Amino acid sequence: MTSEHWTEERLLDHLYGLIDADEHLAACQECSTRAAALSLRRTLAAAPPEIPDDFLAAQRRRIHERIGSPRRAWHPLRWAVSAMAVLAIVLGLSLYRSNPAVTPSHDDQFFTEISTMAQTSAPRAVQPIEALVQDDTEE
Amino acid sequence: MAFMAERLDLAAAPAVSTREFSSWMVAEQKRIFLLCLRMLQDREEADSATQDAFLKAFQFMNKAGSKELDDPGKWITRIAINTCLDRLRSRKWQLWRRRPAPEDEAIILEMEPSTQPAADDRVFAGQIKVRLGRALDKLSPRQRAVFTLRHYENRSLDEIAELLGLDIGTVKMHLFRTIRKLRLELHDLYFGKRHSGIRQ
């Protein structure tokens, strides 16, 4: 038997099955006691928690519901997603079509302003003031 | 298992009855839920994974031409493990998932274990559960599966290899790396010391 005691590292490796016991571990009282203590702690730590019966029963009910209606569980969602996609496309198209209608009015306004500027004899510097007055009267 | 034996006779009419399935599920459900709970460390997710596993099992059994199963217990275990692995892999993208509170961990670390073997071991076991559960987040999904099957279910390395579809060498490698990754936690928990006091 070797005189060296097992390190904690080796005891852990042995506890999890990575290395086998050797002669020392089998014969050494101290090392075998330490190994047994680790094993006990792991057993206690791995003890399963209490699972209430009513929780398990409820879980079974849910499983049966899903078994009974797998299609119904999915179809409403699929339909909802499809309907939303169609709605989004229709909305997008209608918005896209309504935008160009605005553009000509902007262009008209722009050409009107250019035309006014070309026809007016007032100095360029007073045009903003005139425009303000013009806007007020139009409103 | 009675209904599994009947499956052989039902090859032409593949649907397994809900009653047969239900009685089998009752026998396996708690074990499968515990496995999912230990792998996922989240009760709601484990509940959902357990449901998924049994639903997949039922759908498979009702597939036309599905073969008789040699070991239904092992088979549903494998389904549950794969379901949990899928969920663990998808967690990588769930950045909003709650992380363990550092103050809780500090409180646990402050609780030094006694050298008295019997009574304090039970207190110690509670610490092991909490700390290890949190430390599992450090592991890859496969390492987590290997460690769960070894630590909590006390399965042999051969069994783990079979359940995960790996060779024994790969299982040992995963377990070795896992133990090294959890080195601090395992030493604290098994030998009752703080991080700095690891004796070689």
# chains A, B, ... in the order shown; residues from 1 in each chain; ligands from 1

$ residues_around --residues "A:Leu15" --least-positions-apart "3" --cutoff "8 Å" --atoms "only C-alpha atoms" --output "list in words"
Leu11, Leu12, Leu18, Ala35, Leu38 and Ser39 of chain A

$ closest_residue --among "B:Leu88, B:Leu136, B:Ile76, B:Leu186" --to "chain A" --atoms "only C-alpha atoms"
B:Leu186

$ interface_residues --of "chain A" --to "chain B" --cutoff "6 Å" --atoms "only C-alpha atoms" --output "list in words"
Thr7, Leu44, Ala45, Ala46 and Ile63 of chain A

$ atom_distance --atom1 "atom CA of B:His174" --atom2 "atom CA of B:Arg43"
25.5 Å

$ atom_distance --atom1 "atom CA of A:Ile19" --atom2 "atom CA of B:Met39"
24.5 Å
